[in-house]
Amino acid sequence: MDTKILLPEDRIPKQWYNVIPDMPGPLAPVIHPGTMQPVSPDDLLPLFPMALIEQEVSTQRWIEIPEAVRDIYRIWRPSPLFRAHRLEKTLGTPAKIYYKYEGVSPAGSHKPNSAIPQAYYNKVAGTKRIATETGAGQWGSSISLACQMFGLECTVYMVKVSFNQKPYRKSMMQLWGAEVLASPSDRTNAGRSILAKDPASNGSLGIAISEAVEDAATREDTRYALGSVLNHVCLHQTVIGLEAKEQLAIAGDYPDVVIGCHGGGSNFAGIAFPFIADKASGREVKIMALEPASCPTLSRGVYAFDYGDTAKMAPVAKMYTLGHDFMPPGIHAGGLRYHGASPLVSQLVHEGVVEAKAVHQLACFEAAVLFSRSEGIIPAPESSHAIRGAVDEALLAKEEGKEKTILFNLSGHGHVDMAAYDDYFAGKLTDYEYPEEAIKESLAHLPKVSF
Ligand SMILES: *Cc1c(COP(=O)(O)O)cnc(C)c1O
């Protein structure tokens, strides 16, 4: 039995899988934050090229991957599927554990799977420059790489606290040719107004989004790019699950459980959606989204219309939310600290197709260390949530004496996150359960939408 199941380059998927036609019901409209009416494609044109706006609402089940995108995917795709023999042995479980490893991309995570096509469609539409935001820097580095590949300029508004504390992702972005600004910056009205009030502001993802959106909306040559949440981002990520299915077939297996960590929903969608297609046609498979207990959007939020950002400039979407002014605590899984969630994943959770589960930070690091010491690969703190989920399922199988096949997505490596491991070993990390009153408080500020 092989440890590593590889596909040749000519098996890189030729089409992305669009889950929209297999959704359990119609999609809720996306609402314009100014007019509170459904957005039209024209409203979005200052921000996105038409090809991506069309993908956002497409009801076609299969969408062709352009050859130019597949050519760049060849650098790291198909990514390997591993059988976690050593982890299984360590756990003493009768379960078979497989993981799809997305850390082999140049940026070290799944995010280039969408950054590459986003840059491509912008290039084709005549865009010269991309403006975007980044928190810890995973998205910023992925879009910098993609812009470099297609000859686009790139400006990244990076949350100031990360800009100062996480210099290496900033270095990666600069190496790939991007301009990186600490947000709030003096480049935009949004940034200047924050700095006027608080010159020492550390910034936030909400502020950085506002700066990038303003930059793109006010320059003819510039568009915006988002690394998660939106339907077209989830669509692009389905190469993960499509490849995994083929690789499992080579191993003669099919999963009983499919697991992904969940921040905005893109890597989860990537591993899970192709299996949801099977589930929609009657196959039994349990699908689980793992999120931090400190930012429990899917498991403790409400399914309602809310703004995509703190500044209320982004569209209003129906999704699980903790409220757009929710302030997540500074946990190390920076990529899992979004107040909302992908509307597609949200609807699937709401309809009971997907199960959501919140896990604590210390239990995730414990699983990440166990994984590194058995499998060797050092996971990103975000990915450790999926590992925790898989380890718990494997331990349950052991308790019940049941054979079971578990598949999870290892969304990225942790090489640029070693400070988080240092803090864990130094005993500086604590668990944090978001208090019910604070959730209630931010949920009191949801917009009133009557659709
Ligand atoms: C950004 C990121 C995530 C979370 O984002 P999703 O859109 O929920 O996938 C998870 N893992 C890694 C490694 C990331 O970089």
# chains A, B, ... in the order shown; residues from 1 in each chain; ligands from 1
$ residues_around --residues "stretch 280-295 of chain A" --least-positions-apart "3" --cutoff "6 Å" --atoms "only C-alpha atoms" --output "number ranges by chain"
A: 256-262, 276-277, 337, 354-360, 385-386, 432-434
$ residues_near_ligand --ligand "ligand 1" --cutoff "6 Å" --atoms "only C-alpha atoms and all ligand atoms" --output "PDB file with N, CA, C and O atoms, in the first residue's frame"
ATOM      1  N   SER A 109       0.170  27.103   0.448  1.00  0.00           N
ATOM      2  CA  SER A 109      -1.215  26.792   0.827  1.00  0.00           C
ATOM      3  C   SER A 109      -2.055  26.566  -0.421  1.00  0.00           C
ATOM      4  O   SER A 109      -1.558  26.656  -1.546  1.00  0.00           O
ATOM      5  N   GLN A 138      -1.174  35.040   3.900  1.00  0.00           N
ATOM      6  CA  GLN A 138      -1.280  33.886   2.993  1.00  0.00           C
ATOM      7  C   GLN A 138      -1.926  34.276   1.665  1.00  0.00           C
ATOM      8  O   GLN A 138      -1.468  33.871   0.610  1.00  0.00           O
ATOM      9  N   SER A 228     -11.277  34.246  -0.422  1.00  0.00           N
ATOM     10  CA  SER A 228     -12.140  33.214   0.156  1.00  0.00           C
ATOM     11  C   SER A 228     -13.595  33.653   0.016  1.00  0.00           C
ATOM     12  O   SER A 228     -13.878  34.640  -0.674  1.00  0.00           O
ATOM     13  N   HIS A 262     -12.229  25.483   8.441  1.00  0.00           N
ATOM     14  CA  HIS A 262     -13.091  26.506   7.871  1.00  0.00           C
ATOM     15  C   HIS A 262     -12.795  27.894   8.426  1.00  0.00           C
ATOM     16  O   HIS A 262     -12.909  28.133   9.618  1.00  0.00           O
ATOM     17  N   GLY A 263     -12.380  28.800   7.510  1.00  0.00           N
ATOM     18  CA  GLY A 263     -12.218  30.217   7.860  1.00  0.00           C
ATOM     19  C   GLY A 263     -13.282  30.995   7.117  1.00  0.00           C
ATOM     20  O   GLY A 263     -14.312  31.375   7.664  1.00  0.00           O
ATOM     21  N   GLY A 264     -13.061  31.206   5.835  1.00  0.00           N
ATOM     22  CA  GLY A 264     -14.086  31.795   4.978  1.00  0.00           C
ATOM     23  C   GLY A 264     -14.776  30.716   4.155  1.00  0.00           C
ATOM     24  O   GLY A 264     -15.810  30.954   3.542  1.00  0.00           O
ATOM     25  N   GLY A 265     -14.184  29.534   4.117  1.00  0.00           N
ATOM     26  CA  GLY A 265     -14.827  28.383   3.496  1.00  0.00           C
ATOM     27  C   GLY A 265     -14.175  27.836   2.236  1.00  0.00           C
ATOM     28  O   GLY A 265     -14.629  26.823   1.697  1.00  0.00           O
ATOM     29  N   SER A 266     -13.081  28.462   1.748  1.00  0.00           N
ATOM     30  CA  SER A 266     -12.619  28.072   0.412  1.00  0.00           C
ATOM     31  C   SER A 266     -11.915  26.714   0.362  1.00  0.00           C
ATOM     32  O   SER A 266     -12.179  25.909  -0.529  1.00  0.00           O
ATOM     33  N   ASN A 267     -11.014  26.422   1.323  1.00  0.00           N
ATOM     34  CA  ASN A 267     -10.341  25.114   1.224  1.00  0.00           C
ATOM     35  C   ASN A 267     -11.308  23.996   1.596  1.00  0.00           C
ATOM     36  O   ASN A 267     -11.248  22.895   1.032  1.00  0.00           O
ATOM     37  N   PHE A 268     -12.233  24.304   2.523  1.00  0.00           N
ATOM     38  CA  PHE A 268     -13.264  23.325   2.870  1.00  0.00           C
ATOM     39  C   PHE A 268     -14.115  22.992   1.630  1.00  0.00           C
ATOM     40  O   PHE A 268     -14.339  21.824   1.307  1.00  0.00           O
ATOM     41  N   GLY A 335      -5.927  32.804   9.731  1.00  0.00           N
ATOM     42  CA  GLY A 335      -6.786  32.621   8.564  1.00  0.00           C
ATOM     43  C   GLY A 335      -8.183  32.134   8.900  1.00  0.00           C
ATOM     44  O   GLY A 335      -9.012  31.995   8.017  1.00  0.00           O
ATOM     45  N   LEU A 336      -8.460  31.860  10.170  1.00  0.00           N
ATOM     46  CA  LEU A 336      -9.787  31.355  10.546  1.00  0.00           C
ATOM     47  C   LEU A 336     -10.552  32.365  11.382  1.00  0.00           C
ATOM     48  O   LEU A 336     -11.461  32.014  12.116  1.00  0.00           O
ATOM     49  N   ALA A 380       0.169  24.250   8.877  1.00  0.00           N
ATOM     50  CA  ALA A 380      -0.231  25.609   9.239  1.00  0.00           C
ATOM     51  C   ALA A 380      -1.190  25.511  10.424  1.00  0.00           C
ATOM     52  O   ALA A 380      -1.933  24.538  10.542  1.00  0.00           O
ATOM     53  N   GLU A 382      -3.908  26.907  10.866  1.00  0.00           N
ATOM     54  CA  GLU A 382      -5.284  26.768  10.351  1.00  0.00           C
ATOM     55  C   GLU A 382      -5.587  25.293  10.073  1.00  0.00           C
ATOM     56  O   GLU A 382      -6.611  24.762  10.500  1.00  0.00           O
ATOM     57  N   SER A 383      -4.656  24.644   9.372  1.00  0.00           N
ATOM     58  CA  SER A 383      -4.863  23.248   8.975  1.00  0.00           C
ATOM     59  C   SER A 383      -4.972  22.319  10.180  1.00  0.00           C
ATOM     60  O   SER A 383      -5.581  21.247  10.091  1.00  0.00           O
ATOM     61  N   SER A 411      -4.413  22.065   4.407  1.00  0.00           N
ATOM     62  CA  SER A 411      -4.502  23.235   3.529  1.00  0.00           C
ATOM     63  C   SER A 411      -3.178  23.964   3.324  1.00  0.00           C
ATOM     64  O   SER A 411      -3.016  24.681   2.336  1.00  0.00           O
ATOM     65  N   GLY A 412      -2.219  23.792   4.250  1.00  0.00           N
ATOM     66  CA  GLY A 412      -0.943  24.471   4.042  1.00  0.00           C
ATOM     67  C   GLY A 412       0.105  24.055   5.056  1.00  0.00           C
ATOM     68  O   GLY A 412      -0.208  23.420   6.062  1.00  0.00           O
TER      69      GLY A 412
END
$ residues_around --residues "A:Gln15" --least-positions-apart "4" --cutoff "6 Å" --atoms "only C-alpha atoms" --output "ChimeraX atom specification"
/A:62-65
$ write_last_selection --atoms "C-alpha atoms" --output "PDB file, in the first residue's frame"
ATOM      1  CA  TRP A  62     -18.880  22.021 -14.927  1.00  0.00           C
ATOM      2  CA  ILE A  63     -16.824  25.107 -15.830  1.00  0.00           C
ATOM      3  CA  GLU A  64     -13.804  24.796 -18.088  1.00  0.00           C
ATOM      4  CA  ILE A  65     -10.385  25.618 -16.614  1.00  0.00           C
TER       5      ILE A  65
END
$ closest_residue --among "A:Ala216, A:Leu205, A:Ala225, A:Ala146" --to "A:Ile53" --atoms "only C-alpha atoms"
A:Ala225
$ residues_around --residues "A:Lys100" --least-positions-apart "3" --cutoff "6 Å" --atoms "only C-alpha atoms" --output "number ranges by chain"
A: 81, 409-410
$ write_last_selection --atoms "N, CA, C and O atoms" --output "CSV table (one decimal), in the first residue's frame"
chain,number,residue,atom,x,y,z
A,81,LEU,N,-1.8,13.0,-2.6
A,81,LEU,CA,-2.6,12.5,-1.6
A,81,LEU,C,-1.8,11.5,-0.8
A,81,LEU,O,-1.1,10.6,-1.3
A,409,ASN,N,-8.3,17.7,4.4
A,409,ASN,CA,-7.4,18.5,3.6
A,409,ASN,C,-6.4,19.2,4.5
A,409,ASN,O,-6.7,19.8,5.5
A,410,LEU,N,-5.1,19.0,4.1
A,410,LEU,CA,-4.0,19.7,4.8
A,410,LEU,C,-3.8,20.9,4.0
A,410,LEU,O,-3.0,20.9,3.0
$ closest_atom_pairs --of "stretch 202-277 of chain A" --to "stretch 307-322 of chain A" --cutoff "7 Å" --atoms "only C-alpha atoms" --output "tab-separated table"
residue	atom	partner	partner_atom	distance
A:Gly206	CA	A:Thr310	CA	4.8
A:Ile207	CA	A:Ala311	CA	6.9
A:Ser210	CA	A:Ala311	CA	6.5
$ write_last_selection --atoms "N, CA and C atoms" --output "mmCIF file, in the first residue's frame"
data_model
loop_
_atom_site.group_PDB
_atom_site.id
_atom_site.type_symbol
_atom_site.label_atom_id
_atom_site.label_comp_id
_atom_site.auth_asym_id
_atom_site.auth_seq_id
_atom_site.Cartn_x
_atom_site.Cartn_y
_atom_site.Cartn_z
ATOM 1 N N GLY A 206 -11.013 44.243 8.470
ATOM 2 C CA GLY A 206 -12.108 45.092 7.974
ATOM 3 C C GLY A 206 -11.586 46.392 7.375
ATOM 4 N N ILE A 207 -10.627 47.018 8.040
ATOM 5 C CA ILE A 207 -10.058 48.280 7.541
ATOM 6 C C ILE A 207 -9.277 48.022 6.245
ATOM 7 N N SER A 210 -11.571 47.647 3.367
ATOM 8 C CA SER A 210 -12.091 48.949 2.942
ATOM 9 C C SER A 210 -11.059 49.685 2.094
#
$ closest_residue --among "A:Ser374, A:Thr132, A:Ser79, A:Ser40" --to "A:Glu246" --atoms "only C-alpha atoms"
A:Ser79
$ select_by_dssp --residues "stretch 59-307 of chain A" --states "alpha helix (DSSP H)" --output "compact mmCIF listing (two decimals) with N, CA and C atoms, in the first residue's frame"
# COMPACT_ATOMS: atom_id res chain seq x y z
N GLU A 67 -6.63 26.85 -20.38
CA GLU A 67 -5.33 26.17 -20.56
C GLU A 67 -4.21 26.95 -19.87
N ALA A 68 -4.27 28.30 -19.94
CA ALA A 68 -3.21 29.13 -19.33
C ALA A 68 -3.17 28.94 -17.81
N VAL A 69 -4.33 28.65 -17.22
CA VAL A 69 -4.39 28.41 -15.77
C VAL A 69 -3.84 27.01 -15.47
N ARG A 70 -4.25 26.03 -16.28
CA ARG A 70 -3.74 24.66 -16.07
C ARG A 70 -2.22 24.62 -16.21
N ASP A 71 -1.70 25.45 -17.14
CA ASP A 71 -0.24 25.50 -17.34
C ASP A 71 0.48 25.92 -16.07
N ILE A 72 -0.09 26.90 -15.35
CA ILE A 72 0.56 27.33 -14.10
C ILE A 72 0.27 26.35 -12.97
N TYR A 73 -0.93 25.78 -12.96
CA TYR A 73 -1.23 24.72 -11.98
C TYR A 73 -0.17 23.60 -12.04
N HIS A 85 -0.05 6.47 7.19
CA HIS A 85 0.27 5.20 7.88
C HIS A 85 0.81 5.41 9.28
N ARG A 86 1.75 6.36 9.40
CA ARG A 86 2.41 6.55 10.71
C ARG A 86 1.47 7.16 11.74
N LEU A 87 0.65 8.09 11.32
CA LEU A 87 -0.32 8.67 12.24
C LEU A 87 -1.32 7.60 12.69
N GLU A 88 -1.77 6.77 11.75
CA GLU A 88 -2.70 5.68 12.11
C GLU A 88 -2.08 4.78 13.18
N LYS A 89 -0.79 4.45 12.97
CA LYS A 89 -0.10 3.56 13.92
C LYS A 89 0.02 4.23 15.29
N THR A 90 0.41 5.51 15.29
CA THR A 90 0.52 6.26 16.55
C THR A 90 -0.80 6.25 17.31
N LEU A 91 -1.89 6.41 16.57
CA LEU A 91 -3.21 6.47 17.22
C LEU A 91 -3.74 5.08 17.54
N PRO A 112 -3.26 29.73 -3.93
CA PRO A 112 -2.97 29.98 -5.35
C PRO A 112 -3.96 29.28 -6.32
N ASN A 113 -4.67 28.24 -5.86
CA ASN A 113 -5.65 27.59 -6.74
C ASN A 113 -6.67 28.58 -7.26
N SER A 114 -6.98 29.61 -6.46
CA SER A 114 -7.91 30.66 -6.92
C SER A 114 -7.18 31.93 -7.35
N ALA A 115 -6.04 32.23 -6.73
CA ALA A 115 -5.30 33.44 -7.11
C ALA A 115 -4.91 33.39 -8.59
N ILE A 116 -4.49 32.21 -9.06
CA ILE A 116 -4.04 32.07 -10.46
C ILE A 116 -5.19 32.36 -11.44
N PRO A 117 -6.34 31.68 -11.33
CA PRO A 117 -7.42 32.04 -12.27
C PRO A 117 -7.92 33.47 -12.09
N GLN A 118 -7.93 34.00 -10.87
CA GLN A 118 -8.38 35.39 -10.69
C GLN A 118 -7.47 36.35 -11.45
N ALA A 119 -6.15 36.13 -11.36
CA ALA A 119 -5.22 37.00 -12.09
C ALA A 119 -5.40 36.80 -13.59
N TYR A 120 -5.60 35.56 -14.01
CA TYR A 120 -5.78 35.27 -15.44
C TYR A 120 -7.00 36.01 -16.02
N TYR A 121 -8.16 35.88 -15.37
CA TYR A 121 -9.37 36.52 -15.92
C TYR A 121 -9.22 38.04 -15.90
N ASN A 122 -8.50 38.59 -14.92
CA ASN A 122 -8.24 40.03 -14.92
C ASN A 122 -7.35 40.42 -16.09
N LYS A 123 -6.31 39.64 -16.32
CA LYS A 123 -5.39 39.93 -17.43
C LYS A 123 -6.15 39.97 -18.75
N VAL A 124 -6.98 38.95 -18.97
CA VAL A 124 -7.75 38.85 -20.22
C VAL A 124 -8.70 40.03 -20.37
N GLN A 138 -1.17 35.04 3.90
CA GLN A 138 -1.28 33.89 2.99
C GLN A 138 -1.93 34.28 1.67
N TRP A 139 -3.01 35.05 1.75
CA TRP A 139 -3.67 35.46 0.51
C TRP A 139 -2.78 36.47 -0.24
N GLY A 140 -2.22 37.42 0.49
CA GLY A 140 -1.36 38.42 -0.15
C GLY A 140 -0.22 37.77 -0.91
N SER A 141 0.41 36.75 -0.32
CA SER A 141 1.53 36.13 -1.03
C SER A 141 1.02 35.34 -2.24
N SER A 142 -0.14 34.72 -2.14
CA SER A 142 -0.67 33.94 -3.27
C SER A 142 -1.04 34.83 -4.45
N ILE A 143 -1.68 35.97 -4.17
CA ILE A 143 -2.08 36.85 -5.28
C ILE A 143 -0.84 37.57 -5.84
N SER A 144 0.16 37.82 -5.02
CA SER A 144 1.41 38.42 -5.53
C SER A 144 2.06 37.48 -6.54
N LEU A 145 2.13 36.20 -6.17
CA LEU A 145 2.66 35.18 -7.08
C LEU A 145 1.87 35.17 -8.38
N ALA A 146 0.52 35.17 -8.27
CA ALA A 146 -0.34 35.07 -9.46
C ALA A 146 -0.17 36.29 -10.35
N CYS A 147 -0.09 37.48 -9.76
CA CYS A 147 0.09 38.71 -10.55
C CYS A 147 1.44 38.68 -11.26
N GLN A 148 2.45 38.18 -10.58
CA GLN A 148 3.77 38.05 -11.20
C GLN A 148 3.70 37.14 -12.42
N MET A 149 2.97 36.03 -12.30
CA MET A 149 2.87 35.06 -13.40
C MET A 149 2.19 35.66 -14.62
N PHE A 150 1.24 36.61 -14.41
CA PHE A 150 0.49 37.17 -15.55
C PHE A 150 0.87 38.61 -15.85
N LYS A 160 -1.65 46.15 9.80
CA LYS A 160 -0.37 46.66 10.32
C LYS A 160 0.28 45.76 11.37
N VAL A 161 -0.54 45.19 12.25
CA VAL A 161 0.03 44.37 13.31
C VAL A 161 0.78 43.16 12.71
N SER A 162 0.22 42.59 11.62
CA SER A 162 0.90 41.46 10.97
C SER A 162 2.11 41.95 10.18
N PHE A 163 1.97 43.12 9.54
CA PHE A 163 3.06 43.71 8.77
C PHE A 163 4.31 43.81 9.66
N ASN A 164 4.09 44.21 10.93
CA ASN A 164 5.21 44.37 11.85
C ASN A 164 5.65 43.05 12.48
N GLN A 165 4.67 42.15 12.75
CA GLN A 165 5.02 40.92 13.48
C GLN A 165 5.38 39.75 12.57
N PRO A 167 7.16 39.44 9.32
CA PRO A 167 7.87 40.04 8.20
C PRO A 167 8.10 39.10 7.02
N TYR A 168 8.06 37.77 7.24
CA TYR A 168 8.47 36.89 6.13
C TYR A 168 7.45 36.78 5.01
N ARG A 169 6.14 36.84 5.37
CA ARG A 169 5.16 36.80 4.26
C ARG A 169 5.23 38.12 3.48
N LYS A 170 5.53 39.21 4.17
CA LYS A 170 5.73 40.48 3.47
C LYS A 170 6.92 40.33 2.51
N SER A 171 7.98 39.68 2.96
CA SER A 171 9.16 39.47 2.10
C SER A 171 8.78 38.64 0.87
N MET A 172 7.94 37.62 1.06
CA MET A 172 7.52 36.78 -0.07
C MET A 172 6.76 37.63 -1.10
N MET A 173 5.85 38.47 -0.61
CA MET A 173 5.06 39.32 -1.53
C MET A 173 5.98 40.24 -2.31
N GLN A 174 6.97 40.84 -1.61
CA GLN A 174 7.89 41.76 -2.28
C GLN A 174 8.76 41.02 -3.29
N LEU A 175 9.19 39.82 -2.92
CA LEU A 175 10.00 39.01 -3.83
C LEU A 175 9.23 38.74 -5.13
N ASN A 189 -8.80 57.24 1.47
CA ASN A 189 -9.62 58.01 2.42
C ASN A 189 -9.92 57.18 3.66
N ALA A 190 -10.24 55.89 3.43
CA ALA A 190 -10.55 55.01 4.57
C ALA A 190 -9.37 54.95 5.54
N GLY A 191 -8.16 54.77 5.00
CA GLY A 191 -6.97 54.67 5.84
C GLY A 191 -6.67 55.99 6.54
N ARG A 192 -6.75 57.10 5.78
CA ARG A 192 -6.43 58.42 6.36
C ARG A 192 -7.40 58.78 7.48
N SER A 193 -8.69 58.42 7.31
CA SER A 193 -9.65 58.80 8.36
C SER A 193 -9.40 58.00 9.64
N ILE A 194 -8.98 56.75 9.50
CA ILE A 194 -8.64 55.96 10.69
C ILE A 194 -7.38 56.55 11.36
N LEU A 195 -6.37 56.87 10.55
CA LEU A 195 -5.12 57.40 11.10
C LEU A 195 -5.33 58.76 11.78
N ALA A 196 -6.26 59.58 11.24
CA ALA A 196 -6.54 60.89 11.85
C ALA A 196 -7.06 60.70 13.27
N LYS A 197 -7.88 59.65 13.45
CA LYS A 197 -8.46 59.39 14.77
C LYS A 197 -7.46 58.70 15.68
N LEU A 205 -8.62 43.46 9.59
CA LEU A 205 -8.95 42.96 8.25
C LEU A 205 -10.05 43.83 7.64
N GLY A 206 -11.01 44.24 8.47
CA GLY A 206 -12.11 45.09 7.97
C GLY A 206 -11.59 46.39 7.38
N ILE A 207 -10.63 47.02 8.04
CA ILE A 207 -10.06 48.28 7.54
C ILE A 207 -9.28 48.02 6.25
N ALA A 208 -8.50 46.95 6.23
CA ALA A 208 -7.69 46.64 5.04
C ALA A 208 -8.58 46.35 3.83
N ILE A 209 -9.72 45.67 4.06
CA ILE A 209 -10.68 45.43 2.96
C ILE A 209 -11.19 46.76 2.44
N SER A 210 -11.57 47.65 3.37
CA SER A 210 -12.09 48.95 2.94
C SER A 210 -11.06 49.68 2.09
N GLU A 211 -9.78 49.64 2.47
CA GLU A 211 -8.74 50.34 1.70
C GLU A 211 -8.59 49.73 0.30
N ALA A 212 -8.56 48.40 0.22
CA ALA A 212 -8.36 47.75 -1.07
C ALA A 212 -9.54 47.98 -2.00
N VAL A 213 -10.76 47.91 -1.44
CA VAL A 213 -11.97 48.13 -2.25
C VAL A 213 -11.99 49.57 -2.77
N GLU A 214 -11.66 50.52 -1.89
CA GLU A 214 -11.63 51.93 -2.32
C GLU A 214 -10.58 52.13 -3.42
N ASP A 215 -9.43 51.57 -3.25
CA ASP A 215 -8.35 51.66 -4.24
C ASP A 215 -8.85 51.15 -5.61
N ALA A 216 -9.46 49.97 -5.60
CA ALA A 216 -9.91 49.36 -6.87
C ALA A 216 -11.07 50.13 -7.48
N ALA A 217 -11.99 50.59 -6.63
CA ALA A 217 -13.19 51.26 -7.15
C ALA A 217 -12.87 52.63 -7.72
N ASN A 231 -18.44 32.65 -4.18
CA ASN A 231 -18.72 31.40 -4.90
C ASN A 231 -17.62 31.05 -5.89
N HIS A 232 -17.07 32.07 -6.59
CA HIS A 232 -16.07 31.73 -7.61
C HIS A 232 -14.77 31.24 -6.98
N VAL A 233 -14.48 31.69 -5.76
CA VAL A 233 -13.27 31.21 -5.07
C VAL A 233 -13.47 29.74 -4.68
N CYS A 234 -14.65 29.42 -4.13
CA CYS A 234 -14.96 28.02 -3.78
C CYS A 234 -14.88 27.14 -5.02
N LEU A 235 -15.42 27.66 -6.14
CA LEU A 235 -15.38 26.91 -7.41
C LEU A 235 -13.95 26.53 -7.79
N HIS A 236 -13.05 27.54 -7.78
CA HIS A 236 -11.66 27.28 -8.20
C HIS A 236 -10.99 26.23 -7.31
N GLN A 237 -11.36 26.22 -6.03
CA GLN A 237 -10.70 25.30 -5.09
C GLN A 237 -11.13 23.85 -5.29
N VAL A 239 -10.57 21.86 -7.51
CA VAL A 239 -9.52 20.98 -8.04
C VAL A 239 -9.00 20.06 -6.93
N ILE A 240 -9.04 20.53 -5.68
CA ILE A 240 -8.53 19.72 -4.56
C ILE A 240 -9.33 18.42 -4.44
N GLY A 241 -10.65 18.56 -4.31
CA GLY A 241 -11.50 17.38 -4.11
C GLY A 241 -11.59 16.50 -5.36
N LEU A 242 -11.57 17.13 -6.53
CA LEU A 242 -11.65 16.35 -7.77
C LEU A 242 -10.44 15.45 -7.92
N GLU A 243 -9.26 16.00 -7.64
CA GLU A 243 -8.05 15.16 -7.69
C GLU A 243 -8.10 14.08 -6.61
N ALA A 244 -8.52 14.47 -5.39
CA ALA A 244 -8.53 13.53 -4.27
C ALA A 244 -9.40 12.31 -4.60
N LYS A 245 -10.52 12.57 -5.25
CA LYS A 245 -11.43 11.48 -5.63
C LYS A 245 -10.74 10.48 -6.55
N GLU A 246 -10.02 11.01 -7.54
CA GLU A 246 -9.30 10.13 -8.48
C GLU A 246 -8.21 9.36 -7.75
N GLN A 247 -7.51 10.05 -6.84
CA GLN A 247 -6.41 9.40 -6.12
C GLN A 247 -6.94 8.30 -5.20
N LEU A 248 -8.08 8.57 -4.56
CA LEU A 248 -8.67 7.55 -3.69
C LEU A 248 -9.13 6.34 -4.52
N ALA A 249 -9.62 6.62 -5.72
CA ALA A 249 -10.05 5.52 -6.59
C ALA A 249 -8.86 4.63 -6.94
N ILE A 250 -7.69 5.25 -7.14
CA ILE A 250 -6.47 4.46 -7.40
C ILE A 250 -6.17 3.56 -6.21
N SER A 266 -13.08 28.46 1.75
CA SER A 266 -12.62 28.07 0.41
C SER A 266 -11.92 26.71 0.36
N ASN A 267 -11.01 26.42 1.32
CA ASN A 267 -10.34 25.11 1.22
C ASN A 267 -11.31 24.00 1.60
N PHE A 268 -12.23 24.30 2.52
CA PHE A 268 -13.26 23.33 2.87
C PHE A 268 -14.11 22.99 1.63
N ALA A 269 -14.56 24.05 0.94
CA ALA A 269 -15.35 23.85 -0.29
C ALA A 269 -14.54 23.02 -1.28
N GLY A 270 -13.24 23.31 -1.36
CA GLY A 270 -12.39 22.63 -2.32
C GLY A 270 -12.35 21.13 -2.10
N ILE A 271 -12.18 20.69 -0.87
CA ILE A 271 -12.12 19.25 -0.61
C ILE A 271 -13.53 18.65 -0.61
N ALA A 272 -14.53 19.42 -0.13
CA ALA A 272 -15.85 18.82 0.15
C ALA A 272 -16.83 18.83 -1.02
N PHE A 273 -16.85 19.91 -1.81
CA PHE A 273 -17.93 20.04 -2.80
C PHE A 273 -18.01 18.86 -3.78
N PRO A 274 -16.88 18.36 -4.30
CA PRO A 274 -17.01 17.22 -5.22
C PRO A 274 -17.64 15.98 -4.56
N PHE A 275 -17.56 15.86 -3.24
CA PHE A 275 -18.22 14.74 -2.56
C PHE A 275 -19.69 15.07 -2.30
N ILE A 276 -20.01 16.36 -2.21
CA ILE A 276 -21.41 16.77 -2.05
C ILE A 276 -22.19 16.41 -3.30
N ALA A 277 -21.52 16.43 -4.45
CA ALA A 277 -22.17 15.99 -5.69
C ALA A 277 -22.65 14.55 -5.53
N ASP A 278 -21.80 13.68 -4.97
CA ASP A 278 -22.19 12.28 -4.76
C ASP A 278 -23.30 12.17 -3.73
N LYS A 279 -23.17 12.99 -2.68
CA LYS A 279 -24.17 12.96 -1.61
C LYS A 279 -25.53 13.38 -2.16
N ALA A 280 -25.52 14.38 -3.07
CA ALA A 280 -26.77 14.85 -3.68
C ALA A 280 -27.42 13.73 -4.49
N THR A 297 -18.17 30.65 13.87
CA THR A 297 -19.16 31.21 12.94
C THR A 297 -20.27 30.21 12.60
N LEU A 298 -19.89 29.01 12.16
CA LEU A 298 -20.88 28.05 11.67
C LEU A 298 -21.63 27.37 12.82
N SER A 299 -20.94 27.17 13.94
CA SER A 299 -21.59 26.39 15.01
C SER A 299 -22.35 27.26 16.01
N ARG A 300 -21.99 28.55 16.13
CA ARG A 300 -22.71 29.38 17.11
C ARG A 300 -23.24 30.69 16.53
$ residues_around --residues "A:Gln347" --least-positions-apart "5" --cutoff "10 Å" --atoms "only C-alpha atoms" --output "number ranges by chain"
A: 23-28, 303, 318-320, 341-342, 352-354
$ closest_residue --among "A:Pro296, A:Gly126, A:Gly137, A:Gly108" --to "A:Phe48" --atoms "only C-alpha atoms"
A:Gly126
$ select_by_dssp --residues "stretch 249-334 of chain A" --states "strand (DSSP E or B)" --output "number ranges by chain"
A: 257-261, 286-292, 302-307, 316-321
$ write_last_selection --atoms "C-alpha atoms" --output "CSV table (one decimal), in the first residue's frame"
chain,number,residue,atom,x,y,z
A,257,VAL,CA,-15.8,11.2,6.4
A,258,VAL,CA,-14.5,14.2,4.6
A,259,ILE,CA,-13.0,17.0,6.7
A,260,GLY,CA,-11.7,20.5,6.1
A,261,CYS,CA,-10.9,23.5,8.3
A,286,LYS,CA,-20.3,12.6,6.3
A,287,ILE,CA,-18.8,16.0,5.6
A,288,MET,CA,-17.4,18.1,8.4
A,289,ALA,CA,-16.2,21.7,8.7
A,290,LEU,CA,-13.8,22.4,11.6
A,291,GLU,CA,-13.6,25.9,13.0
A,292,PRO,CA,-12.0,27.5,16.1
A,302,VAL,CA,-26.9,32.9,13.0
A,303,TYR,CA,-27.9,32.2,9.4
A,304,ALA,CA,-28.8,35.8,8.3
A,305,PHE,CA,-27.9,38.6,6.0
A,306,ASP,CA,-24.8,40.5,7.1
A,307,TYR,CA,-22.1,42.8,5.7
A,316,VAL,CA,-24.5,42.0,2.2
A,317,ALA,CA,-24.9,38.2,1.9
A,318,LYS,CA,-27.0,35.5,3.6
A,319,MET,CA,-24.5,33.4,5.6
A,320,TYR,CA,-23.6,32.2,9.1
A,321,THR,CA,-22.3,35.3,10.9
